Amino acid sequence: MFQTKSLLARRFLIPALLLSLFVGFGPAQAFQDLGDYESNRARLLGYMLNQHLTAQHFSHKKIDDNLSEDAFGLFLKQLDVQKRFLLKEDIQKLRKYIDRIDDELKTGKLELPVEGENIFAKRASQVHIMVKDILSGDFDFSREEYIETDPEKLDYCTNLQELRDRWRKVLKYQAIHEYLNLAEEKEPAEENPPSEGKDVRKEKTKPSREALLKEVREKILKNYETIFARMENEKDREYYNMFFSSVARAFDPHTDYMPPTDKEDFDIHMRGSLEGIGATLSEKDGFIKVVDVLPGGPANRQGQLHSEDLIIKVAEGNNDPVDLTGMRVRDAVKLIRGKKGTEVRLTVKKPDGTRLVIPIVRDVVQLKDTFAKGAIIKDKKTGETFGYIKIPSFYRDFESRFHGGTGRNCTDDVRKEIEKLSSAGISGLVVDLRNNGGGALTDAVNIAGLFIESGPVVQVKDSSGKIAVLSDTDPGISYKGPVIVLVNKISASASEIFAGALQDYGRAIIMGGEHTHGKGTVQSIISLDERIPFKDMDNYRTLGALRVTIQKFYRISGESTQYKGVHPDIVLPDRWKNLKSGEQHLDFALPWDRIEAAPYTKWTMLQTDMGDLRSKSSKRISKDKNFVEMERKIEKSAELQEKTRKPLNIEDARKERKGLNSGSEEETDTFHGRRKNGDKKLSEAEENKLWISKVSDDPYVKEGIAVLDDIISSARRGVTVN
């Protein structure tokens with residue numbers, strides 16, 4: 001959740017009277033003569049980040065030795081997260097800066113990024129030679145040996161010989177799986193069936209093992225030549241950017257330095273004008289991670305790409321894929337973006353370790369798919385009619401309103417859907433917030449207000465400690481019947497505010513995995529070009545932006561939604577159970593805490609015994625084939641995640657590969673079914689019918705309706721809440 005022009009941000013503008021740039025340095029004119037353009041620009045950025053972060057961040061952290069140590073660890077991760085370049089002696093050389101980052105920012109003498117660049121460039125050049133040499137020979141695929149794929153379980157190599165052996169295993173592992181891929185693609189297949197009584201078949205010639213291995217080595221080398229060329233072209237600015245990002249992220253995971261290109265991409269994303277696949281990406285430990293999949297976008301409609309997936313490779317149509325390992329997110333985005341109607345193929349690593357090639361036809365976002373959508377579902381067992389509303393995000397067209405238009409918003413759309421469903425005589429309502437990453441705070445408050453009488457919905461605390469209570473002021477209620485809210489680990493921010501408020505009021509029963517995402521903070525985007533504190537420094541533009549956490553959310557009960565998220569009343573099997581997703585798994589996430597509760601009145605209508613509801617739900621789930629199968633997959637996923645030591649014997653790898661692929665079919669969000677390339681185009685009525693069918697068959701929705709049936713049944717019997 002962002003506030004791009006917050007009053008708080010404006011309050012802390014650096015006074016123009018600050019003429020001395022750094023401790024021990026003279027005014028700006030003297031500063032300009034201290035070094036080359038890039039180092040001077042970096043000094044200016046370091047000064048500005050130091051000022052803004054300490055003044056504006058919610059936590060009021062100090063840039064001291066403790067923060068320096070945290071930032072140092074993040075810098076090392078960005079430099080060589082997989083531990084495939086730096087040696088222990090290199091780490092020792094860099095460790096002298098572990099408690100100096102705070103001093104470097106204050107003095108303007110930024111040595112760590114320069115030293116890091118020099119050391120990494122030297123090792124990258126040595127590794128480049130190693131890789132070419134290793135790939136010029138053969139691998140022994142019959143040898144019994146293993147590779148550890150989790151860098152957290154590895155140490156840095158002691159010498160170049162150890163480093164070479166690590167790369168031998170890395171390349172051998174890649175060669176095995178590339179070979180198995182090619183072997184599957186080029187299996188002999190019948191071209192023409194027998195005709196005129198003759199048993200004559202033309203078969204594709206099966207390539208020899210040697211030919212396939214030669215092709216494999218050439219493909220891998222070609223990939224690495226691209227990677228090393230990219231590394232060699234990295235400029236000083238890249239390492240300064242790493243440094244500044246590490247400092248910012250040591251405050252909390254949502255605070256970050258955004259270089260000019262990243263800021264431009266952010267602006268494009270916020271305008272929604274980009275043609276591509278409709279996904280937000282970030283860098284994570286040397287990989288490109290899917291942060292969220294945009295409702296109505298091509299990836300969402302295709303149905304196989306999800307938040308937390310890692311994109312390993314990208315291919316344009318049927319061309320050879322490009323390895324994204326170690327690539328900056330902006331460079332990866334350039335490969336993934338493209339013209340409407342063209343196909344991009346993403347090789348994706350799922351959280352459980354399985355790999356999948358996902359073909360997506362680039363397109364613009366289909367706006368109708370980004371809006372709240374309702375359906376009427378008939379329960380065949382009881383004959384009751386229920387309503388279902390999917391809210392993909394808490395959207396609001398601020399831009400249109402700013403220019404005098406009315407602007408579409410989530411509140412009005414949800415109200416209209418409720419009116420339609422109510423007129424159909426529904427007995428209860430399921431509100432689906434799964435995969436809803438948040439949106440406009442205004443709409444989270446207003447939509448909560450559709451289900452309650454006037455009262456507080458959320459509390460917001462700023463860095464000064466001031467608490468504002470945001471309330472629903474409209475005494476009207478759009479729907480008074482029983483409500484189920486479905487959530488999962490991807491439900492975040494505004495979704496957690498809505499779900500938490502309805503849970504605190506006792507207005508709805510929350511159902512889903514063990515907890516939601518746990519993002520209970522607000523960020524402001526500060527354009528650094530607009531905040532240059534000294535005259536005659538316009539030549540250092542463009543500087544990018546700083547995204548900084550300025551506020552924290554609290555439920556009306558006083559509990560923060562930060563870190564812990566919202567815990568459902570009824571916990572359901574969650575295919576993301578083993579996924580290390582959410583604030584709890586992010587470095588330097590702000591902690592959970594609580595403040596004084598806001599005064600509010602509990603909802604007293606249609607209450608029931610929660611213990612009884614949980615018991616009945618648990619019995620149904622234990623017998624439901626969909627949930628039973630999901631539990632099996634969850635257990636298998638846990639085993640796969642723990643098994644990070646992989647075989648380098650080709651037959652063992654083949655067996656493991658078969659085990660990974662069996663039963664790894666991806667489940668899809670009910671908002672969109674999977675759309676395969678080449679599917680015939682459906683009319684709007686046909687698409688809606690297909691969607692309602694998928695919603696009705698969704699096990700989570702079905703269980704939500706079963707709980708609504710239990711609530712209605714207990715209400716008729718006069719059962720009250722414990």
# chains A, B, ... in the order shown; residues from 1 in each chain; ligands from 1
>>> closest_atom_pairs(of="segment 102-204 of chain A", to="segment 225-243 of chain A", cutoff="9 Å", atoms="only C-alpha atoms", output="tab-separated table")
residue	atom	partner	partner_atom	distance
A:Leu110	CA	A:Tyr240	CA	8.5
A:Leu112	CA	A:Phe243	CA	7.8
A:Pro113	CA	A:Tyr239	CA	5.3
A:Val114	CA	A:Tyr239	CA	7.2
A:Gly116	CA	A:Tyr239	CA	7.6
A:Glu117	CA	A:Tyr239	CA	6.4
A:Ala121	CA	A:Glu232	CA	7.3
A:Ala124	CA	A:Phe228	CA	7.4
A:Ser125	CA	A:Phe228	CA	8.1
A:His128	CA	A:Phe228	CA	6.7
A:Lys132	CA	A:Glu225	CA	8.9
>>> write_last_selection(atoms="N, CA and C atoms", output="compact mmCIF listing (two decimals), in the first residue's frame")
# COMPACT_ATOMS: atom_id res chain seq x y z
N LEU A 110 32.63 5.97 -0.14
CA LEU A 110 31.98 4.66 -0.31
C LEU A 110 32.97 3.66 -0.90
N LEU A 112 33.06 0.08 0.07
CA LEU A 112 32.57 -1.30 -0.06
C LEU A 112 32.09 -1.63 -1.47
N PRO A 113 31.23 -0.80 -2.10
CA PRO A 113 30.79 -1.16 -3.45
C PRO A 113 31.92 -1.22 -4.46
N VAL A 114 32.94 -0.36 -4.29
CA VAL A 114 34.08 -0.35 -5.21
C VAL A 114 34.93 -1.61 -5.02
N GLY A 116 33.93 -4.40 -3.62
CA GLY A 116 33.12 -5.54 -4.02
C GLY A 116 33.15 -5.75 -5.52
N GLU A 117 33.07 -4.67 -6.27
CA GLU A 117 33.12 -4.77 -7.73
C GLU A 117 34.46 -5.31 -8.20
N ALA A 121 34.69 -8.89 -10.08
CA ALA A 121 35.11 -8.88 -11.49
C ALA A 121 36.29 -9.83 -11.71
N ALA A 124 34.90 -13.42 -11.46
CA ALA A 124 34.05 -13.73 -12.61
C ALA A 124 34.89 -14.06 -13.83
N SER A 125 35.99 -13.35 -14.00
CA SER A 125 36.89 -13.61 -15.13
C SER A 125 37.52 -15.00 -15.00
N HIS A 128 34.82 -17.66 -15.64
CA HIS A 128 34.51 -17.72 -17.08
C HIS A 128 35.44 -18.71 -17.79
N LYS A 132 34.31 -22.51 -19.53
CA LYS A 132 34.63 -22.89 -20.92
C LYS A 132 35.46 -24.17 -20.95
>>> select_by_dssp(residues="segment 366-580 of chain A", states="strand (DSSP E)", output="PyMOL selection string")
chain A and resi 373-378+385-390+429-432+455-462+467-472+483-487+509-512+521-527+545-554+570-571
>>> select_by_dssp(residues="segment 125-229 of chain A", states="helix (DSSP H, G or I)", output="ChimeraX atom specification")
/A:125-135,151-153,160-185,209-229
>>> atom_distance(atom1="atom CA of Gly611 of chain A", atom2="atom CA of Ile570 of chain A")
9.4 Å
>>> residues_around(residues="Gln503 of chain A", least_positions_apart="5", cutoff="9 Å", atoms="only C-alpha atoms", output="list of chain:residue names")
A:Phe498, A:Ala508, A:Ile509, A:Ile510, A:Val566, A:Pro568, A:Asp569
>>> write_last_selection(atoms="N, CA, C and O atoms", output="JSON list (two decimals), in the first residue's frame")
[["chain", "number", "residue", "atom", "x", "y", "z"],
["A", 498, "PHE", "N", -9.56, -5.79, 5.86],
["A", 498, "PHE", "CA", -10.97, -6.16, 5.70],
["A", 498, "PHE", "C", -11.30, -7.42, 6.49],
["A", 498, "PHE", "O", -12.26, -7.45, 7.28],
["A", 508, "ALA", "N", -18.07, -12.01, 10.28],
["A", 508, "ALA", "CA", -17.83, -13.04, 9.28],
["A", 508, "ALA", "C", -16.93, -14.12, 9.86],
["A", 508, "ALA", "O", -16.21, -13.88, 10.84],
["A", 509, "ILE", "N", -16.99, -15.28, 9.26],
["A", 509, "ILE", "CA", -16.08, -16.35, 9.62],
["A", 509, "ILE", "C", -14.98, -16.40, 8.56],
["A", 509, "ILE", "O", -15.25, -16.51, 7.36],
["A", 510, "ILE", "N", -13.73, -16.30, 9.01],
["A", 510, "ILE", "CA", -12.59, -16.29, 8.10],
["A", 510, "ILE", "C", -12.11, -17.73, 7.93],
["A", 510, "ILE", "O", -11.90, -18.44, 8.91],
["A", 566, "VAL", "N", -3.54, -12.39, 9.58],
["A", 566, "VAL", "CA", -4.84, -12.75, 10.17],
["A", 566, "VAL", "C", -4.92, -14.27, 10.25],
["A", 566, "VAL", "O", -4.66, -14.96, 9.25],
["A", 568, "PRO", "N", -7.19, -17.46, 10.42],
["A", 568, "PRO", "CA", -8.58, -17.83, 10.15],
["A", 568, "PRO", "C", -9.26, -18.50, 11.34],
["A", 568, "PRO", "O", -8.61, -19.14, 12.18],
["A", 569, "ASP", "N", -10.58, -18.38, 11.39],
["A", 569, "ASP", "CA", -11.38, -19.06, 12.42],
["A", 569, "ASP", "C", -11.42, -20.55, 12.15],
["A", 569, "ASP", "O", -11.42, -21.37, 13.07]]
>>> closest_residue(among="A:Pro151, A:Gly137, A:Gly296, A:Gly425", to="Lys172 of chain A", atoms="only C-alpha atoms")
A:Gly137
>>> closest_residue(among="A:Thr516, A:Thr149, A:Gln523, A:Ser39", to="His567 of chain A", atoms="only C-alpha atoms")
A:Thr516
>>> closest_residue(among="A:Ser696, A:Gly704, A:Leu640, A:Gly338", to="Ile621 of chain A", atoms="only C-alpha atoms")
A:Gly704
>>> residues_around(residues="His254 of chain A", least_positions_apart="4", cutoff="12 Å", atoms="only C-alpha atoms", output="PyMOL selection string")
chain A and resi 1-2+57-58+245-246+248-250+258+282+519-525+546-551+582-583+586-590
>>> write_last_selection(atoms="N, CA and C atoms", output="PDB file, in the first residue's frame")
ATOM      1  N   MET A   1       0.847  -1.174   0.000  1.00  0.00           N
ATOM      2  CA  MET A   1       0.000   0.000   0.000  1.00  0.00           C
ATOM      3  C   MET A   1       0.890   1.234   0.000  1.00  0.00           C
ATOM      4  N   PHE A   2       0.642   2.145  -0.914  1.00  0.00           N
ATOM      5  CA  PHE A   2       1.529   3.285  -1.088  1.00  0.00           C
ATOM      6  C   PHE A   2       0.799   4.608  -0.878  1.00  0.00           C
ATOM      7  N   HIS A  57      11.627   6.856   8.230  1.00  0.00           N
ATOM      8  CA  HIS A  57      11.209   5.462   8.416  1.00  0.00           C
ATOM      9  C   HIS A  57      10.451   5.276   9.720  1.00  0.00           C
ATOM     10  N   PHE A  58       9.432   4.444   9.674  1.00  0.00           N
ATOM     11  CA  PHE A  58       8.540   4.228  10.817  1.00  0.00           C
ATOM     12  C   PHE A  58       9.303   3.832  12.080  1.00  0.00           C
ATOM     13  N   SER A 245      20.589  -0.267  -2.000  1.00  0.00           N
ATOM     14  CA  SER A 245      19.458  -1.160  -1.760  1.00  0.00           C
ATOM     15  C   SER A 245      19.658  -1.938  -0.462  1.00  0.00           C
ATOM     16  N   SER A 246      20.888  -2.387  -0.203  1.00  0.00           N
ATOM     17  CA  SER A 246      21.187  -3.138   1.023  1.00  0.00           C
ATOM     18  C   SER A 246      20.972  -2.287   2.264  1.00  0.00           C
ATOM     19  N   ALA A 248      18.941   0.340   2.519  1.00  0.00           N
ATOM     20  CA  ALA A 248      17.497   0.592   2.675  1.00  0.00           C
ATOM     21  C   ALA A 248      16.773  -0.644   3.191  1.00  0.00           C
ATOM     22  N   ARG A 249      17.075  -1.801   2.629  1.00  0.00           N
ATOM     23  CA  ARG A 249      16.371  -3.032   3.015  1.00  0.00           C
ATOM     24  C   ARG A 249      16.745  -3.504   4.414  1.00  0.00           C
ATOM     25  N   ALA A 250      17.835  -2.985   4.966  1.00  0.00           N
ATOM     26  CA  ALA A 250      18.178  -3.306   6.354  1.00  0.00           C
ATOM     27  C   ALA A 250      17.213  -2.636   7.326  1.00  0.00           C
ATOM     28  N   MET A 258      15.241   2.641  -5.316  1.00  0.00           N
ATOM     29  CA  MET A 258      14.791   2.306  -6.661  1.00  0.00           C
ATOM     30  C   MET A 258      15.597   3.131  -7.666  1.00  0.00           C
ATOM     31  N   SER A 282      10.463  -9.340  -8.917  1.00  0.00           N
ATOM     32  CA  SER A 282      11.517  -8.750  -8.097  1.00  0.00           C
ATOM     33  C   SER A 282      12.721  -9.680  -8.121  1.00  0.00           C
ATOM     34  N   LYS A 519       1.409  -8.376   5.859  1.00  0.00           N
ATOM     35  CA  LYS A 519       1.956  -7.059   5.488  1.00  0.00           C
ATOM     36  C   LYS A 519       1.059  -5.977   6.081  1.00  0.00           C
ATOM     37  N   GLY A 520       1.516  -5.407   7.169  1.00  0.00           N
ATOM     38  CA  GLY A 520       0.732  -4.386   7.859  1.00  0.00           C
ATOM     39  C   GLY A 520       1.417  -3.042   7.863  1.00  0.00           C
ATOM     40  N   THR A 521       2.045  -2.681   6.740  1.00  0.00           N
ATOM     41  CA  THR A 521       2.775  -1.417   6.672  1.00  0.00           C
ATOM     42  C   THR A 521       2.385  -0.618   5.432  1.00  0.00           C
ATOM     43  N   VAL A 522       2.657   0.686   5.486  1.00  0.00           N
ATOM     44  CA  VAL A 522       2.383   1.606   4.373  1.00  0.00           C
ATOM     45  C   VAL A 522       3.703   2.201   3.905  1.00  0.00           C
ATOM     46  N   GLN A 523       3.895   2.257   2.581  1.00  0.00           N
ATOM     47  CA  GLN A 523       5.117   2.832   2.028  1.00  0.00           C
ATOM     48  C   GLN A 523       4.824   4.140   1.272  1.00  0.00           C
ATOM     49  N   SER A 524       5.787   5.025   1.300  1.00  0.00           N
ATOM     50  CA  SER A 524       5.723   6.258   0.518  1.00  0.00           C
ATOM     51  C   SER A 524       6.850   6.222  -0.508  1.00  0.00           C
ATOM     52  N   ILE A 525       6.559   6.701  -1.723  1.00  0.00           N
ATOM     53  CA  ILE A 525       7.571   6.785  -2.772  1.00  0.00           C
ATOM     54  C   ILE A 525       8.092   8.218  -2.812  1.00  0.00           C
ATOM     55  N   LEU A 546      13.211   6.626  -3.485  1.00  0.00           N
ATOM     56  CA  LEU A 546      13.316   5.847  -2.256  1.00  0.00           C
ATOM     57  C   LEU A 546      11.913   5.424  -1.848  1.00  0.00           C
ATOM     58  N   ARG A 547      11.728   4.132  -1.686  1.00  0.00           N
ATOM     59  CA  ARG A 547      10.462   3.627  -1.150  1.00  0.00           C
ATOM     60  C   ARG A 547      10.699   3.366   0.335  1.00  0.00           C
ATOM     61  N   VAL A 548       9.918   4.019   1.172  1.00  0.00           N
ATOM     62  CA  VAL A 548      10.181   3.946   2.609  1.00  0.00           C
ATOM     63  C   VAL A 548       8.894   3.671   3.386  1.00  0.00           C
ATOM     64  N   THR A 549       8.998   2.805   4.373  1.00  0.00           N
ATOM     65  CA  THR A 549       7.860   2.467   5.233  1.00  0.00           C
ATOM     66  C   THR A 549       7.627   3.593   6.234  1.00  0.00           C
ATOM     67  N   ILE A 550       6.401   4.145   6.209  1.00  0.00           N
ATOM     68  CA  ILE A 550       6.119   5.330   7.049  1.00  0.00           C
ATOM     69  C   ILE A 550       5.011   5.097   8.073  1.00  0.00           C
ATOM     70  N   GLN A 551       4.185   4.046   7.876  1.00  0.00           N
ATOM     71  CA  GLN A 551       3.068   3.810   8.791  1.00  0.00           C
ATOM     72  C   GLN A 551       2.863   2.314   9.015  1.00  0.00           C
ATOM     73  N   GLY A 582       5.490 -14.662   3.155  1.00  0.00           N
ATOM     74  CA  GLY A 582       4.928 -13.765   4.157  1.00  0.00           C
ATOM     75  C   GLY A 582       6.020 -13.053   4.934  1.00  0.00           C
ATOM     76  N   GLU A 583       5.589 -12.092   5.742  1.00  0.00           N
ATOM     77  CA  GLU A 583       6.529 -11.267   6.494  1.00  0.00           C
ATOM     78  C   GLU A 583       7.418 -12.087   7.426  1.00  0.00           C
ATOM     79  N   LEU A 586      10.744 -12.859   5.812  1.00  0.00           N
ATOM     80  CA  LEU A 586      11.506 -11.806   5.163  1.00  0.00           C
ATOM     81  C   LEU A 586      12.545 -11.226   6.125  1.00  0.00           C
ATOM     82  N   ASP A 587      13.719 -10.931   5.603  1.00  0.00           N
ATOM     83  CA  ASP A 587      14.775 -10.342   6.425  1.00  0.00           C
ATOM     84  C   ASP A 587      14.351  -8.975   6.952  1.00  0.00           C
ATOM     85  N   PHE A 588      14.534  -8.787   8.257  1.00  0.00           N
ATOM     86  CA  PHE A 588      14.340  -7.497   8.930  1.00  0.00           C
ATOM     87  C   PHE A 588      12.907  -6.968   8.845  1.00  0.00           C
ATOM     88  N   ALA A 589      11.937  -7.902   8.795  1.00  0.00           N
ATOM     89  CA  ALA A 589      10.529  -7.490   8.815  1.00  0.00           C
ATOM     90  C   ALA A 589      10.224  -6.812  10.154  1.00  0.00           C
ATOM     91  N   LEU A 590       9.387  -5.778  10.122  1.00  0.00           N
ATOM     92  CA  LEU A 590       8.989  -5.116  11.362  1.00  0.00           C
ATOM     93  C   LEU A 590       8.203  -6.099  12.229  1.00  0.00           C
TER      94      LEU A 590
END
>>> residues_around(residues="Arg355 of chain A", least_positions_apart="2", cutoff="10 Å", atoms="only C-alpha atoms", output="number ranges by chain")
A: 309-312, 347-353, 357-358, 657, 660-661, 664
>>> write_last_selection(atoms="N, CA and C atoms", output="compact mmCIF listing (two decimals), in the first residue's frame")
# COMPACT_ATOMS: atom_id res chain seq x y z
N ASP A 309 6.65 -18.02 -7.36
CA ASP A 309 7.38 -18.79 -8.36
C ASP A 309 8.69 -18.08 -8.71
N LEU A 310 9.72 -18.85 -9.04
CA LEU A 310 10.97 -18.29 -9.52
C LEU A 310 11.07 -18.53 -11.02
N ILE A 311 11.31 -17.48 -11.79
CA ILE A 311 11.46 -17.62 -13.24
C ILE A 311 12.94 -17.87 -13.53
N ILE A 312 13.25 -19.06 -14.00
CA ILE A 312 14.63 -19.49 -14.21
C ILE A 312 15.13 -19.12 -15.60
N THR A 347 10.41 -20.77 -18.03
CA THR A 347 10.77 -21.95 -17.25
C THR A 347 10.73 -21.53 -15.79
N VAL A 348 9.83 -22.14 -15.03
CA VAL A 348 9.54 -21.68 -13.67
C VAL A 348 9.86 -22.78 -12.67
N LYS A 349 10.47 -22.38 -11.56
CA LYS A 349 10.70 -23.29 -10.44
C LYS A 349 9.65 -23.00 -9.38
N LYS A 350 8.83 -24.01 -9.10
CA LYS A 350 7.79 -23.87 -8.09
C LYS A 350 8.39 -23.99 -6.69
N PRO A 351 7.68 -23.49 -5.67
CA PRO A 351 8.21 -23.53 -4.31
C PRO A 351 8.57 -24.92 -3.81
N ASP A 352 7.92 -25.97 -4.36
CA ASP A 352 8.25 -27.33 -3.92
C ASP A 352 9.40 -27.94 -4.71
N GLY A 353 10.00 -27.16 -5.61
CA GLY A 353 11.15 -27.64 -6.37
C GLY A 353 10.82 -28.13 -7.76
N VAL A 357 7.40 -25.47 -17.69
CA VAL A 357 7.53 -24.51 -18.78
C VAL A 357 6.13 -23.96 -19.06
N ILE A 358 5.97 -22.65 -18.89
CA ILE A 358 4.65 -22.02 -19.00
C ILE A 358 4.62 -21.12 -20.24
N ARG A 657 13.32 -37.20 -11.33
CA ARG A 657 12.56 -36.34 -12.24
C ARG A 657 11.15 -36.87 -12.43
N LEU A 660 9.15 -36.13 -9.34
CA LEU A 660 8.78 -34.71 -9.24
C LEU A 660 7.60 -34.38 -10.13
N ASN A 661 7.61 -34.97 -11.33
CA ASN A 661 6.59 -34.61 -12.32
C ASN A 661 5.26 -35.29 -12.07
N SER A 664 2.15 -33.29 -10.28
CA SER A 664 2.55 -31.90 -10.04
C SER A 664 1.69 -30.91 -10.79
>>> residues_around(residues="Ile360 of chain A", least_positions_apart="4", cutoff="8 Å", atoms="only C-alpha atoms", output="PyMOL selection string")
chain A and resi 277+298-299+302+343-346+677
>>> closest_residue(among="A:Glu308, A:Glu115, A:Asp652, A:Asp574", to="Arg632 of chain A", atoms="only C-alpha atoms")
A:Asp574
>>> atom_distance(atom1="atom CA of Ile336 of chain A", atom2="atom CA of Phe394 of chain A")
26.5 Å
>>> atom_distance(atom1="atom CA of Pro573 of chain A", atom2="atom CA of Ala715 of chain A")
26.8 Å
>>> residues_around(residues="segment 433-450 of chain A", least_positions_apart="5", cutoff="7 Å", atoms="only C-alpha atoms", output="list of chain:residue names")
A:Met1, A:Lys390, A:Ile391, A:Pro392, A:Ser393, A:Phe394, A:Tyr395, A:Arg396, A:Cys410, A:Thr411, A:Val457, A:Ser471, A:Asp472, A:Ile477, A:Ser478, A:Tyr479, A:Val485, A:Leu486, A:Val487, A:Asn488, A:Ile490, A:Ser491, A:Ala492, A:Ser493, A:Ala494, A:Ser495, A:Ile497, A:Phe498, A:Leu502
>>> write_last_selection(atoms="N, CA, C and O atoms", output="short mmCIF file (atom, residue, chain, number, x, y, z; two decimals), in the first residue's frame")
data_model
loop_
_atom_site.label_atom_id
_atom_site.label_comp_id
_atom_site.auth_asym_id
_atom_site.auth_seq_id
_atom_site.Cartn_x
_atom_site.Cartn_y
_atom_site.Cartn_z
N MET A 1 0.85 -1.17 0.00
CA MET A 1 0.00 0.00 0.00
C MET A 1 0.89 1.23 0.00
O MET A 1 1.81 1.35 0.78
N LYS A 390 -15.94 -12.56 -5.87
CA LYS A 390 -14.48 -12.57 -5.94
C LYS A 390 -13.99 -11.14 -6.02
O LYS A 390 -14.40 -10.37 -6.89
N ILE A 391 -13.10 -10.75 -5.09
CA ILE A 391 -12.49 -9.41 -5.12
C ILE A 391 -11.01 -9.61 -5.44
O ILE A 391 -10.23 -9.98 -4.55
N PRO A 392 -10.59 -9.38 -6.69
CA PRO A 392 -9.19 -9.63 -7.07
C PRO A 392 -8.21 -8.64 -6.46
O PRO A 392 -7.06 -8.96 -6.22
N SER A 393 -8.67 -7.40 -6.22
CA SER A 393 -7.86 -6.38 -5.55
C SER A 393 -8.80 -5.26 -5.11
O SER A 393 -9.94 -5.17 -5.59
N PHE A 394 -8.31 -4.43 -4.21
CA PHE A 394 -9.11 -3.28 -3.77
C PHE A 394 -8.74 -2.09 -4.65
O PHE A 394 -7.98 -1.21 -4.26
N TYR A 395 -9.29 -2.09 -5.86
CA TYR A 395 -8.91 -1.12 -6.88
C TYR A 395 -9.68 0.19 -6.73
O TYR A 395 -10.79 0.23 -6.22
N ARG A 396 -9.08 1.24 -7.22
CA ARG A 396 -9.72 2.57 -7.23
C ARG A 396 -9.01 3.42 -8.27
O ARG A 396 -7.78 3.54 -8.26
N CYS A 410 -13.73 -0.30 -6.31
CA CYS A 410 -14.13 -1.62 -5.83
C CYS A 410 -15.39 -1.55 -4.96
O CYS A 410 -16.25 -2.44 -5.03
N THR A 411 -15.51 -0.51 -4.15
CA THR A 411 -16.66 -0.39 -3.25
C THR A 411 -17.98 -0.38 -4.01
O THR A 411 -18.91 -1.13 -3.68
N VAL A 457 -12.75 0.67 11.60
CA VAL A 457 -12.36 -0.48 10.77
C VAL A 457 -10.88 -0.79 10.92
O VAL A 457 -10.48 -1.94 10.99
N SER A 471 -12.82 4.95 10.04
CA SER A 471 -14.11 4.35 10.37
C SER A 471 -15.08 4.35 9.20
O SER A 471 -14.96 5.14 8.26
N ASP A 472 -16.05 3.45 9.29
CA ASP A 472 -17.21 3.49 8.41
C ASP A 472 -18.22 4.43 9.06
O ASP A 472 -18.65 4.20 10.18
N ILE A 477 -26.42 -0.83 6.07
CA ILE A 477 -25.79 -2.14 5.87
C ILE A 477 -26.34 -2.73 4.57
O ILE A 477 -27.55 -2.87 4.40
N SER A 478 -25.43 -3.12 3.66
CA SER A 478 -25.86 -3.66 2.36
C SER A 478 -26.28 -5.12 2.47
O SER A 478 -27.14 -5.59 1.72
N TYR A 479 -25.63 -5.86 3.40
CA TYR A 479 -25.99 -7.28 3.55
C TYR A 479 -25.89 -7.67 5.02
O TYR A 479 -24.87 -7.43 5.67
N VAL A 485 -15.40 -15.41 4.63
CA VAL A 485 -14.32 -14.75 3.89
C VAL A 485 -13.20 -15.76 3.68
O VAL A 485 -12.65 -16.30 4.65
N LEU A 486 -12.86 -16.03 2.41
CA LEU A 486 -11.78 -16.95 2.08
C LEU A 486 -10.47 -16.19 1.90
O LEU A 486 -10.42 -15.18 1.18
N VAL A 487 -9.40 -16.67 2.54
CA VAL A 487 -8.08 -16.03 2.43
C VAL A 487 -7.01 -17.09 2.22
O VAL A 487 -7.25 -18.29 2.39
N ASN A 488 -5.81 -16.65 1.86
CA ASN A 488 -4.65 -17.54 1.82
C ASN A 488 -3.39 -16.74 2.12
O ASN A 488 -3.47 -15.56 2.50
N ILE A 490 -1.31 -15.38 0.26
CA ILE A 490 -1.06 -14.27 -0.65
C ILE A 490 -1.99 -13.09 -0.32
O ILE A 490 -1.75 -11.96 -0.73
N SER A 491 -3.05 -13.34 0.45
CA SER A 491 -3.94 -12.25 0.87
C SER A 491 -3.16 -11.31 1.78
O SER A 491 -2.65 -11.72 2.82
N ALA A 492 -3.07 -10.04 1.37
CA ALA A 492 -2.18 -9.13 2.10
C ALA A 492 -2.76 -7.73 2.20
O ALA A 492 -3.70 -7.37 1.49
N SER A 493 -2.19 -6.97 3.13
CA SER A 493 -2.44 -5.53 3.24
C SER A 493 -3.93 -5.20 3.41
O SER A 493 -4.53 -5.50 4.43
N ALA A 494 -4.56 -4.58 2.38
CA ALA A 494 -5.97 -4.21 2.49
C ALA A 494 -6.86 -5.42 2.72
O ALA A 494 -7.89 -5.33 3.41
N SER A 495 -6.49 -6.57 2.15
CA SER A 495 -7.26 -7.80 2.38
C SER A 495 -7.26 -8.18 3.85
O SER A 495 -8.27 -8.63 4.41
N ILE A 497 -6.80 -6.10 6.35
CA ILE A 497 -7.58 -5.10 7.09
C ILE A 497 -9.06 -5.47 7.05
O ILE A 497 -9.75 -5.46 8.08
N PHE A 498 -9.56 -5.79 5.86
CA PHE A 498 -10.97 -6.16 5.70
C PHE A 498 -11.30 -7.42 6.49
O PHE A 498 -12.26 -7.45 7.28
N LEU A 502 -13.78 -7.68 9.97
CA LEU A 502 -14.99 -8.51 10.03
C LEU A 502 -14.84 -9.62 11.07
O LEU A 502 -15.82 -10.02 11.71
#
>>> closest_residue(among="A:His585, A:Asn539, A:Ala545, A:Thr561", to="Ser527 of chain A", atoms="only C-alpha atoms")
A:Ala545
